[in-house]
Amino acid sequence: MPSYNPQPYAKAAAPQPQPPRSRRWRPALAGLSLLLLTLLALLGALWGWAGSSGSLASVLARAGQFMPEGQSLQADDVSGSLRAGGRIGRLRWSSPTLAVEVDDARIAWRLAPLLRGQLRLTELQAAAITLTPQGEASSEPLEPLQQLVPALQVELPFRAGRITWAAANPVTIDGLAGSYRYDGEQHRLAVDQLGLAQGRYALQATLQAQAPMALTATVSGSLHQGLPGSTETLQARLQASAQGQLATADARLEVTASLRPATDAGTPAAPLHADLQARIAPWASQPLLQATAELQGLDLAALWPQAPGTRLSGSAGLEPTASGWTVQATLRNTEPGPWDKQRLPLDSLQARAAYDGQQWIVSEALLHAGKG
């Protein structure tokens with residue numbers, strides 16, 4: 001028979017009383033409130049420091065300590081605040097291939113738009129900018145663009161008194177002024193004015209941020225060209241445009257340009273014109289695919305400061321072949337001169353040549369220079 005235990009069952013422990021729920025959350029709420037107050041105090045202190053007169057110099061000095069290997073950043077004579085901007089007497093950035101020096105820069109911005117993902121500068125200008133190439137230029141081919149999408153929308157005006165490309169053959173641009181804007185879909189660049197050689201130019205360009213990265217750009221300008229046998233100069237007008245796409249290795253651009261005299265009422269037109277058409281593959285090792293030019297009375301030095309003074313007339317063309325190009329040119333120069341006086345020592349040229357990707361083959365060439 002089963003045994004019987006007369007011991008009674010143990011009674012369950014009585015539940016302990018619990019504090020009200022609001023009392024249980026009080027320590028957590030107090031800790032959270034203290035954390036928020038501390039954070040607000042830190043943000044307030046940071047905001048106040050960002051508005052102090054030395055904050056811009058401090059940030060630039062700190063940035064110089066964290067530059068990538070091979071790069072350096074130096075700033076001197078800095079005044080202003082991180083919150084509103086200021087003045088930088090001298091700013092120099094350098095890498096193994098390029099050095100950029102900016103003199104008397106002034107910058108101003110608004111911080112509030114950053115909360116909406118926008119970078120808005122109200123002033124960006126410099127008295128002088130000097131770009132100096134350093135070391136050996138990279139021989140690696142350019143990587144084709146797929147997209148150009150900044151993290152922020154951008155709006156900024158810019159102005160520079162003088163920009164110098166300080167290479168073996170220096171180039172100087174004077175009086176640059178314009179604006180740049182990125183709205184999340186397109187880049188828009190407007191150059192209101194710039195001076196190059198004997199000309200003044202303006203540029204309008206738009207570029208899609210995403211593929212196919214459609215590009216449309218127009219250039220207009222005026223330049224002064226000396227008249228043969230006269231101390232007077234001729235004012236001419238330049239119109240140029242570029243259209244196409246920049247994304248992928250298949251990108252192509254169509255470029256056209258024309259130069260005509262700017263005649264006033266009662267003033268006869270000078271014998272000057274130039275028409276250029278070209279097709280360009282921007283990411284190819286040989287980007288110029290095809291080009292034609294018709295010239296009359298053209299002074300190359302008026303367009304580009306390093307070019308020799310000329311008075312060119314005639315035609316030239318470059319056409320693609322299965323393995324390269326064919327080039328033909330018939331040109332006359334009515335103002336030849338010695339090369340060391342920045343003139344072209346050539347009276348006329350008639351030539352045909354081919355390029356197979358490795359070497360040039362000249363099938364016909366007739367040059368006339370001086371008495372030879």
# chains A, B, ... in the order shown; residues from 1 in each chain; ligands from 1
>>> select_by_dssp(residues="range 14-247 of chain A", states="strand (DSSP E or B)", output="ChimeraX atom specification")
/A:72-81,85-94,98-110,118-133,145,153-165,171-182,186-196,199-208,214-226,233-245,247
>>> residues_around(residues="range 313-322 of chain A", least_positions_apart="2", cutoff="7 Å", atoms="only C-alpha atoms", output="PyMOL selection string")
chain A and resi 289-298+311+324-333
>>> write_last_selection(atoms="C-alpha atoms", output="short mmCIF file (atom, residue, chain, number, x, y, z; two decimals), in the first residue's frame")
data_model
loop_
_atom_site.label_atom_id
_atom_site.label_comp_id
_atom_site.auth_asym_id
_atom_site.auth_seq_id
_atom_site.Cartn_x
_atom_site.Cartn_y
_atom_site.Cartn_z
CA LEU A 289 38.55 62.08 -82.46
CA GLN A 290 37.85 64.51 -85.28
CA ALA A 291 38.34 68.22 -85.98
CA THR A 292 38.11 70.78 -88.78
CA ALA A 293 39.15 74.43 -88.85
CA GLU A 294 38.71 77.29 -91.33
CA LEU A 295 40.86 80.35 -90.60
CA GLN A 296 41.41 83.83 -91.95
CA GLY A 297 43.69 86.46 -90.38
CA LEU A 298 43.89 84.67 -87.02
CA ARG A 311 48.28 85.91 -89.06
CA GLY A 324 44.44 56.29 -85.90
CA TRP A 325 44.07 59.61 -87.73
CA THR A 326 44.76 61.34 -90.99
CA VAL A 327 45.68 65.02 -90.89
CA GLN A 328 45.81 67.54 -93.70
CA ALA A 329 46.53 71.26 -93.55
CA THR A 330 46.91 74.16 -95.97
CA LEU A 331 47.90 77.29 -94.05
CA ARG A 332 49.47 80.68 -94.77
CA ASN A 333 51.05 83.02 -92.24
#
>>> residues_around(residues="range 302-304 of chain A", least_positions_apart="2", cutoff="8 Å", atoms="only C-alpha atoms", output="ChimeraX atom specification")
/A:196-199,223-225,299-300,306-307,309
>>> closest_atom_pairs(of="range 57-79 of chain A", to="range 105-124 of chain A", cutoff="12 Å", atoms="only C-alpha atoms", output="CSV")
residue,atom,partner,partner_atom,distance
A:Ala75,CA,A:Ala105,CA,10.6
A:Asp76,CA,A:Ala105,CA,10.9
A:Asp77,CA,A:Ala105,CA,10.4
A:Val78,CA,A:Ala105,CA,9.5
A:Ser79,CA,A:Arg106,CA,9.7
>>> residues_around(residues="Ile173 in chain A", least_positions_apart="5", cutoff="7 Å", atoms="only C-alpha atoms", output="PDB file with N, CA, C and O atoms, in the first residue's frame")
ATOM      1  N   ARG A 162      43.368  87.253 -59.259  1.00  0.00           N
ATOM      2  CA  ARG A 162      44.310  86.678 -60.225  1.00  0.00           C
ATOM      3  C   ARG A 162      44.539  85.212 -59.884  1.00  0.00           C
ATOM      4  O   ARG A 162      44.729  84.844 -58.730  1.00  0.00           O
ATOM      5  N   ILE A 163      44.534  84.361 -60.925  1.00  0.00           N
ATOM      6  CA  ILE A 163      44.845  82.944 -60.784  1.00  0.00           C
ATOM      7  C   ILE A 163      46.010  82.644 -61.715  1.00  0.00           C
ATOM      8  O   ILE A 163      45.959  82.943 -62.908  1.00  0.00           O
ATOM      9  N   THR A 164      47.071  82.043 -61.173  1.00  0.00           N
ATOM     10  CA  THR A 164      48.276  81.771 -61.953  1.00  0.00           C
ATOM     11  C   THR A 164      48.573  80.281 -61.938  1.00  0.00           C
ATOM     12  O   THR A 164      48.666  79.668 -60.863  1.00  0.00           O
ATOM     13  N   LEU A 194      36.042  86.617 -66.907  1.00  0.00           N
ATOM     14  CA  LEU A 194      37.438  86.273 -66.650  1.00  0.00           C
ATOM     15  C   LEU A 194      38.266  86.831 -67.792  1.00  0.00           C
ATOM     16  O   LEU A 194      37.786  86.974 -68.921  1.00  0.00           O
ATOM     17  N   GLY A 195      39.508  87.176 -67.503  1.00  0.00           N
ATOM     18  CA  GLY A 195      40.415  87.705 -68.505  1.00  0.00           C
ATOM     19  C   GLY A 195      41.529  86.720 -68.791  1.00  0.00           C
ATOM     20  O   GLY A 195      42.174  86.219 -67.873  1.00  0.00           O
ATOM     21  N   LEU A 196      41.748  86.424 -70.075  1.00  0.00           N
ATOM     22  CA  LEU A 196      42.805  85.515 -70.501  1.00  0.00           C
ATOM     23  C   LEU A 196      43.438  86.080 -71.755  1.00  0.00           C
ATOM     24  O   LEU A 196      42.728  86.361 -72.738  1.00  0.00           O
TER      25      LEU A 196
END
>>> residues_around(residues="Glu185 in chain A", least_positions_apart="4", cutoff="9 Å", atoms="only C-alpha atoms", output="VMD selection string")
chain A and resid 149 207 to 210
>>> closest_residue(among="A:Gln71, A:Gln146, A:Ser323, A:Gln125", to="Ala177 in chain A", atoms="only C-alpha atoms")
A:Gln125
>>> atom_distance(atom1="CA of Val191 in chain A", atom2="CA of Thr218 in chain A")
10.5 Å
>>> residues_around(residues="Trp339 in chain A", least_positions_apart="4", cutoff="10 Å", atoms="only C-alpha atoms", output="list in words")
Pro308, Gly309, Arg343, Leu344, Pro345 and Leu346 of chain A
>>> write_last_selection(atoms="all heavy atoms", output="PDB file, in the first residue's frame")
ATOM      1  N   PRO A 308      52.445  81.612 -80.296  1.00  0.00           N
ATOM      2  CA  PRO A 308      53.175  82.671 -81.011  1.00  0.00           C
ATOM      3  C   PRO A 308      52.207  83.606 -81.728  1.00  0.00           C
ATOM      4  O   PRO A 308      51.073  83.239 -82.040  1.00  0.00           O
ATOM      5  CB  PRO A 308      54.016  81.879 -82.014  1.00  0.00           C
ATOM      6  CG  PRO A 308      53.242  80.617 -82.238  1.00  0.00           C
ATOM      7  CD  PRO A 308      52.588  80.303 -80.927  1.00  0.00           C
ATOM      8  N   GLY A 309      52.667  84.823 -81.982  1.00  0.00           N
ATOM      9  CA  GLY A 309      51.876  85.750 -82.767  1.00  0.00           C
ATOM     10  C   GLY A 309      51.829  85.293 -84.216  1.00  0.00           C
ATOM     11  O   GLY A 309      52.847  84.929 -84.806  1.00  0.00           O
ATOM     12  N   ARG A 343      57.177  84.564 -82.260  1.00  0.00           N
ATOM     13  CA  ARG A 343      56.532  84.577 -83.561  1.00  0.00           C
ATOM     14  C   ARG A 343      56.656  83.187 -84.177  1.00  0.00           C
ATOM     15  O   ARG A 343      57.420  82.333 -83.694  1.00  0.00           O
ATOM     16  CB  ARG A 343      57.165  85.612 -84.502  1.00  0.00           C
ATOM     17  CG  ARG A 343      57.289  87.000 -83.931  1.00  0.00           C
ATOM     18  CD  ARG A 343      55.970  87.668 -83.708  1.00  0.00           C
ATOM     19  NE  ARG A 343      55.242  87.922 -84.959  1.00  0.00           N
ATOM     20  CZ  ARG A 343      54.063  88.551 -85.025  1.00  0.00           C
ATOM     21  NH1 ARG A 343      53.491  88.977 -83.905  1.00  0.00           N
ATOM     22  NH2 ARG A 343      53.473  88.758 -86.178  1.00  0.00           N
ATOM     23  N   LEU A 344      55.951  82.953 -85.258  1.00  0.00           N
ATOM     24  CA  LEU A 344      56.004  81.673 -85.957  1.00  0.00           C
ATOM     25  C   LEU A 344      56.861  81.837 -87.216  1.00  0.00           C
ATOM     26  O   LEU A 344      56.481  82.576 -88.125  1.00  0.00           O
ATOM     27  CB  LEU A 344      54.585  81.224 -86.328  1.00  0.00           C
ATOM     28  CG  LEU A 344      54.456  79.835 -86.956  1.00  0.00           C
ATOM     29  CD1 LEU A 344      54.873  78.760 -85.962  1.00  0.00           C
ATOM     30  CD2 LEU A 344      53.009  79.603 -87.422  1.00  0.00           C
ATOM     31  N   PRO A 345      58.026  81.154 -87.270  1.00  0.00           N
ATOM     32  CA  PRO A 345      58.935  81.326 -88.414  1.00  0.00           C
ATOM     33  C   PRO A 345      58.492  80.505 -89.623  1.00  0.00           C
ATOM     34  O   PRO A 345      59.245  79.692 -90.161  1.00  0.00           O
ATOM     35  CB  PRO A 345      60.272  80.835 -87.856  1.00  0.00           C
ATOM     36  CG  PRO A 345      59.891  79.804 -86.860  1.00  0.00           C
ATOM     37  CD  PRO A 345      58.590  80.272 -86.247  1.00  0.00           C
ATOM     38  N   LEU A 346      57.276  80.719 -90.064  1.00  0.00           N
ATOM     39  CA  LEU A 346      56.712  79.924 -91.150  1.00  0.00           C
ATOM     40  C   LEU A 346      55.806  80.808 -91.995  1.00  0.00           C
ATOM     41  O   LEU A 346      54.931  81.488 -91.471  1.00  0.00           O
ATOM     42  CB  LEU A 346      55.914  78.751 -90.560  1.00  0.00           C
ATOM     43  CG  LEU A 346      55.343  77.741 -91.544  1.00  0.00           C
ATOM     44  CD1 LEU A 346      56.464  76.966 -92.211  1.00  0.00           C
ATOM     45  CD2 LEU A 346      54.386  76.794 -90.817  1.00  0.00           C
TER      46      LEU A 346
END
>>> select_by_dssp(residues="range 178-313 of chain A", states="alpha helix (DSSP H)", output="PyMOL selection string")
chain A and resi 300-303
>>> write_last_selection(atoms="C-alpha atoms", output="compact mmCIF listing (two decimals), in the first residue's frame")
# COMPACT_ATOMS: atom_id res chain seq x y z
CA LEU A 300 46.86 82.71 -82.01
CA ALA A 301 48.48 84.86 -79.30
CA ALA A 302 45.23 86.78 -78.88
CA LEU A 303 43.51 83.53 -77.86
>>> closest_residue(among="A:Thr256, A:Ser94, A:Gln350, A:Ser55", to="Ala274 in chain A", atoms="only C-alpha atoms")
A:Thr256
>>> decode(residues="range 232-268 of chain A", atoms="N, CA, C and O atoms", output="PDB file, in the first residue's frame")
ATOM      1  N   GLU A 232      46.408 100.281 -84.465  1.00  0.00           N
ATOM      2  CA  GLU A 232      45.050 100.051 -83.994  1.00  0.00           C
ATOM      3  C   GLU A 232      44.819  98.566 -83.741  1.00  0.00           C
ATOM      4  O   GLU A 232      45.553  97.703 -84.230  1.00  0.00           O
ATOM      5  N   THR A 233      43.807  98.274 -82.957  1.00  0.00           N
ATOM      6  CA  THR A 233      43.439  96.890 -82.667  1.00  0.00           C
ATOM      7  C   THR A 233      42.016  96.631 -83.129  1.00  0.00           C
ATOM      8  O   THR A 233      41.180  97.535 -83.191  1.00  0.00           O
ATOM      9  N   LEU A 234      41.774  95.390 -83.449  1.00  0.00           N
ATOM     10  CA  LEU A 234      40.450  94.952 -83.875  1.00  0.00           C
ATOM     11  C   LEU A 234      39.786  94.200 -82.733  1.00  0.00           C
ATOM     12  O   LEU A 234      40.395  93.345 -82.099  1.00  0.00           O
ATOM     13  N   GLN A 235      38.542  94.536 -82.453  1.00  0.00           N
ATOM     14  CA  GLN A 235      37.788  93.799 -81.439  1.00  0.00           C
ATOM     15  C   GLN A 235      36.998  92.704 -82.126  1.00  0.00           C
ATOM     16  O   GLN A 235      36.284  92.952 -83.096  1.00  0.00           O
ATOM     17  N   ALA A 236      37.141  91.501 -81.633  1.00  0.00           N
ATOM     18  CA  ALA A 236      36.452  90.348 -82.212  1.00  0.00           C
ATOM     19  C   ALA A 236      35.601  89.666 -81.141  1.00  0.00           C
ATOM     20  O   ALA A 236      35.861  89.796 -79.942  1.00  0.00           O
ATOM     21  N   ARG A 237      34.599  88.932 -81.608  1.00  0.00           N
ATOM     22  CA  ARG A 237      33.685  88.234 -80.705  1.00  0.00           C
ATOM     23  C   ARG A 237      33.814  86.737 -80.906  1.00  0.00           C
ATOM     24  O   ARG A 237      33.840  86.245 -82.030  1.00  0.00           O
ATOM     25  N   LEU A 238      33.879  86.028 -79.779  1.00  0.00           N
ATOM     26  CA  LEU A 238      33.998  84.573 -79.792  1.00  0.00           C
ATOM     27  C   LEU A 238      32.720  83.951 -79.248  1.00  0.00           C
ATOM     28  O   LEU A 238      32.195  84.378 -78.217  1.00  0.00           O
ATOM     29  N   GLN A 239      32.232  82.925 -79.951  1.00  0.00           N
ATOM     30  CA  GLN A 239      31.108  82.129 -79.489  1.00  0.00           C
ATOM     31  C   GLN A 239      31.508  80.661 -79.584  1.00  0.00           C
ATOM     32  O   GLN A 239      31.997  80.215 -80.628  1.00  0.00           O
ATOM     33  N   ALA A 240      31.320  79.909 -78.497  1.00  0.00           N
ATOM     34  CA  ALA A 240      31.683  78.496 -78.483  1.00  0.00           C
ATOM     35  C   ALA A 240      30.660  77.720 -77.667  1.00  0.00           C
ATOM     36  O   ALA A 240      30.009  78.274 -76.773  1.00  0.00           O
ATOM     37  N   SER A 241      30.530  76.437 -77.972  1.00  0.00           N
ATOM     38  CA  SER A 241      29.592  75.590 -77.232  1.00  0.00           C
ATOM     39  C   SER A 241      30.122  74.169 -77.189  1.00  0.00           C
ATOM     40  O   SER A 241      30.896  73.737 -78.053  1.00  0.00           O
ATOM     41  N   ALA A 242      29.694  73.440 -76.167  1.00  0.00           N
ATOM     42  CA  ALA A 242      30.022  72.021 -76.017  1.00  0.00           C
ATOM     43  C   ALA A 242      28.783  71.303 -75.515  1.00  0.00           C
ATOM     44  O   ALA A 242      28.133  71.762 -74.568  1.00  0.00           O
ATOM     45  N   GLN A 243      28.450  70.190 -76.151  1.00  0.00           N
ATOM     46  CA  GLN A 243      27.299  69.391 -75.765  1.00  0.00           C
ATOM     47  C   GLN A 243      27.648  67.920 -75.840  1.00  0.00           C
ATOM     48  O   GLN A 243      28.418  67.496 -76.707  1.00  0.00           O
ATOM     49  N   GLY A 244      27.079  67.151 -74.928  1.00  0.00           N
ATOM     50  CA  GLY A 244      27.325  65.720 -74.952  1.00  0.00           C
ATOM     51  C   GLY A 244      27.106  65.092 -73.598  1.00  0.00           C
ATOM     52  O   GLY A 244      26.327  65.600 -72.782  1.00  0.00           O
ATOM     53  N   GLN A 245      27.801  63.984 -73.344  1.00  0.00           N
ATOM     54  CA  GLN A 245      27.671  63.241 -72.101  1.00  0.00           C
ATOM     55  C   GLN A 245      29.055  62.904 -71.565  1.00  0.00           C
ATOM     56  O   GLN A 245      29.982  62.654 -72.327  1.00  0.00           O
ATOM     57  N   LEU A 246      29.178  62.881 -70.228  1.00  0.00           N
ATOM     58  CA  LEU A 246      30.467  62.631 -69.591  1.00  0.00           C
ATOM     59  C   LEU A 246      30.570  61.269 -68.914  1.00  0.00           C
ATOM     60  O   LEU A 246      31.663  60.858 -68.547  1.00  0.00           O
ATOM     61  N   ALA A 247      29.462  60.567 -68.734  1.00  0.00           N
ATOM     62  CA  ALA A 247      29.503  59.302 -67.997  1.00  0.00           C
ATOM     63  C   ALA A 247      30.022  58.174 -68.877  1.00  0.00           C
ATOM     64  O   ALA A 247      29.725  58.117 -70.078  1.00  0.00           O
ATOM     65  N   THR A 248      30.798  57.261 -68.282  1.00  0.00           N
ATOM     66  CA  THR A 248      31.342  56.035 -68.856  1.00  0.00           C
ATOM     67  C   THR A 248      32.415  56.332 -69.906  1.00  0.00           C
ATOM     68  O   THR A 248      32.590  57.461 -70.353  1.00  0.00           O
ATOM     69  N   ALA A 249      33.116  55.262 -70.294  1.00  0.00           N
ATOM     70  CA  ALA A 249      34.197  55.396 -71.274  1.00  0.00           C
ATOM     71  C   ALA A 249      33.680  55.747 -72.656  1.00  0.00           C
ATOM     72  O   ALA A 249      34.460  56.144 -73.523  1.00  0.00           O
ATOM     73  N   ASP A 250      32.385  55.611 -72.902  1.00  0.00           N
ATOM     74  CA  ASP A 250      31.800  55.940 -74.198  1.00  0.00           C
ATOM     75  C   ASP A 250      31.377  57.399 -74.297  1.00  0.00           C
ATOM     76  O   ASP A 250      30.698  57.779 -75.263  1.00  0.00           O
ATOM     77  N   ALA A 251      31.743  58.225 -73.336  1.00  0.00           N
ATOM     78  CA  ALA A 251      31.344  59.637 -73.349  1.00  0.00           C
ATOM     79  C   ALA A 251      31.878  60.336 -74.597  1.00  0.00           C
ATOM     80  O   ALA A 251      32.996  60.090 -75.049  1.00  0.00           O
ATOM     81  N   ARG A 252      31.046  61.228 -75.150  1.00  0.00           N
ATOM     82  CA  ARG A 252      31.419  61.995 -76.333  1.00  0.00           C
ATOM     83  C   ARG A 252      30.929  63.435 -76.172  1.00  0.00           C
ATOM     84  O   ARG A 252      29.861  63.683 -75.604  1.00  0.00           O
ATOM     85  N   LEU A 253      31.730  64.370 -76.678  1.00  0.00           N
ATOM     86  CA  LEU A 253      31.386  65.787 -76.655  1.00  0.00           C
ATOM     87  C   LEU A 253      31.531  66.361 -78.060  1.00  0.00           C
ATOM     88  O   LEU A 253      32.508  66.066 -78.757  1.00  0.00           O
ATOM     89  N   GLU A 254      30.573  67.180 -78.454  1.00  0.00           N
ATOM     90  CA  GLU A 254      30.641  67.918 -79.711  1.00  0.00           C
ATOM     91  C   GLU A 254      30.947  69.379 -79.382  1.00  0.00           C
ATOM     92  O   GLU A 254      30.214  70.013 -78.608  1.00  0.00           O
ATOM     93  N   VAL A 255      32.022  69.901 -79.953  1.00  0.00           N
ATOM     94  CA  VAL A 255      32.488  71.251 -79.660  1.00  0.00           C
ATOM     95  C   VAL A 255      32.487  72.073 -80.938  1.00  0.00           C
ATOM     96  O   VAL A 255      32.963  71.608 -81.985  1.00  0.00           O
ATOM     97  N   THR A 256      31.951  73.294 -80.864  1.00  0.00           N
ATOM     98  CA  THR A 256      31.994  74.226 -81.988  1.00  0.00           C
ATOM     99  C   THR A 256      32.438  75.590 -81.469  1.00  0.00           C
ATOM    100  O   THR A 256      32.179  75.936 -80.310  1.00  0.00           O
ATOM    101  N   ALA A 257      33.109  76.353 -82.320  1.00  0.00           N
ATOM    102  CA  ALA A 257      33.554  77.698 -81.946  1.00  0.00           C
ATOM    103  C   ALA A 257      33.646  78.548 -83.204  1.00  0.00           C
ATOM    104  O   ALA A 257      33.979  78.054 -84.286  1.00  0.00           O
ATOM    105  N   SER A 258      33.352  79.823 -83.047  1.00  0.00           N
ATOM    106  CA  SER A 258      33.465  80.756 -84.168  1.00  0.00           C
ATOM    107  C   SER A 258      33.989  82.086 -83.653  1.00  0.00           C
ATOM    108  O   SER A 258      33.685  82.499 -82.528  1.00  0.00           O
ATOM    109  N   LEU A 259      34.791  82.756 -84.490  1.00  0.00           N
ATOM    110  CA  LEU A 259      35.383  84.050 -84.159  1.00  0.00           C
ATOM    111  C   LEU A 259      35.096  84.995 -85.315  1.00  0.00           C
ATOM    112  O   LEU A 259      35.381  84.678 -86.473  1.00  0.00           O
ATOM    113  N   ARG A 260      34.514  86.153 -84.993  1.00  0.00           N
ATOM    114  CA  ARG A 260      34.158  87.125 -86.004  1.00  0.00           C
ATOM    115  C   ARG A 260      34.509  88.526 -85.504  1.00  0.00           C
ATOM    116  O   ARG A 260      34.501  88.781 -84.302  1.00  0.00           O
ATOM    117  N   PRO A 261      34.787  89.462 -86.421  1.00  0.00           N
ATOM    118  CA  PRO A 261      35.031  90.843 -85.981  1.00  0.00           C
ATOM    119  C   PRO A 261      33.757  91.471 -85.444  1.00  0.00           C
ATOM    120  O   PRO A 261      32.663  91.215 -85.942  1.00  0.00           O
ATOM    121  N   ALA A 262      33.900  92.275 -84.393  1.00  0.00           N
ATOM    122  CA  ALA A 262      32.765  93.005 -83.829  1.00  0.00           C
ATOM    123  C   ALA A 262      32.738  94.371 -84.498  1.00  0.00           C
ATOM    124  O   ALA A 262      33.424  95.303 -84.071  1.00  0.00           O
ATOM    125  N   THR A 263      31.965  94.506 -85.565  1.00  0.00           N
ATOM    126  CA  THR A 263      31.951  95.740 -86.345  1.00  0.00           C
ATOM    127  C   THR A 263      30.893  96.686 -85.822  1.00  0.00           C
ATOM    128  O   THR A 263      29.794  96.285 -85.430  1.00  0.00           O
ATOM    129  N   ASP A 264      31.225  97.973 -85.815  1.00  0.00           N
ATOM    130  CA  ASP A 264      30.272  99.022 -85.492  1.00  0.00           C
ATOM    131  C   ASP A 264      29.719  99.611 -86.795  1.00  0.00           C
ATOM    132  O   ASP A 264      30.246  99.390 -87.884  1.00  0.00           O
ATOM    133  N   ALA A 265      28.654 100.349 -86.684  1.00  0.00           N
ATOM    134  CA  ALA A 265      28.052 100.969 -87.862  1.00  0.00           C
ATOM    135  C   ALA A 265      29.061 101.899 -88.519  1.00  0.00           C
ATOM    136  O   ALA A 265      29.691 102.735 -87.876  1.00  0.00           O
ATOM    137  N   GLY A 266      29.229 101.729 -89.811  1.00  0.00           N
ATOM    138  CA  GLY A 266      30.146 102.585 -90.550  1.00  0.00           C
ATOM    139  C   GLY A 266      31.577 102.104 -90.532  1.00  0.00           C
ATOM    140  O   GLY A 266      32.440 102.690 -91.182  1.00  0.00           O
ATOM    141  N   THR A 267      31.904 101.023 -89.796  1.00  0.00           N
ATOM    142  CA  THR A 267      33.260 100.495 -89.740  1.00  0.00           C
ATOM    143  C   THR A 267      33.330  99.228 -90.583  1.00  0.00           C
ATOM    144  O   THR A 267      32.576  98.282 -90.323  1.00  0.00           O
ATOM    145  N   PRO A 268      34.185  99.173 -91.605  1.00  0.00           N
ATOM    146  CA  PRO A 268      34.256  97.979 -92.445  1.00  0.00           C
ATOM    147  C   PRO A 268      34.788  96.787 -91.661  1.00  0.00           C
ATOM    148  O   PRO A 268      35.621  96.928 -90.769  1.00  0.00           O
TER     149      PRO A 268
END
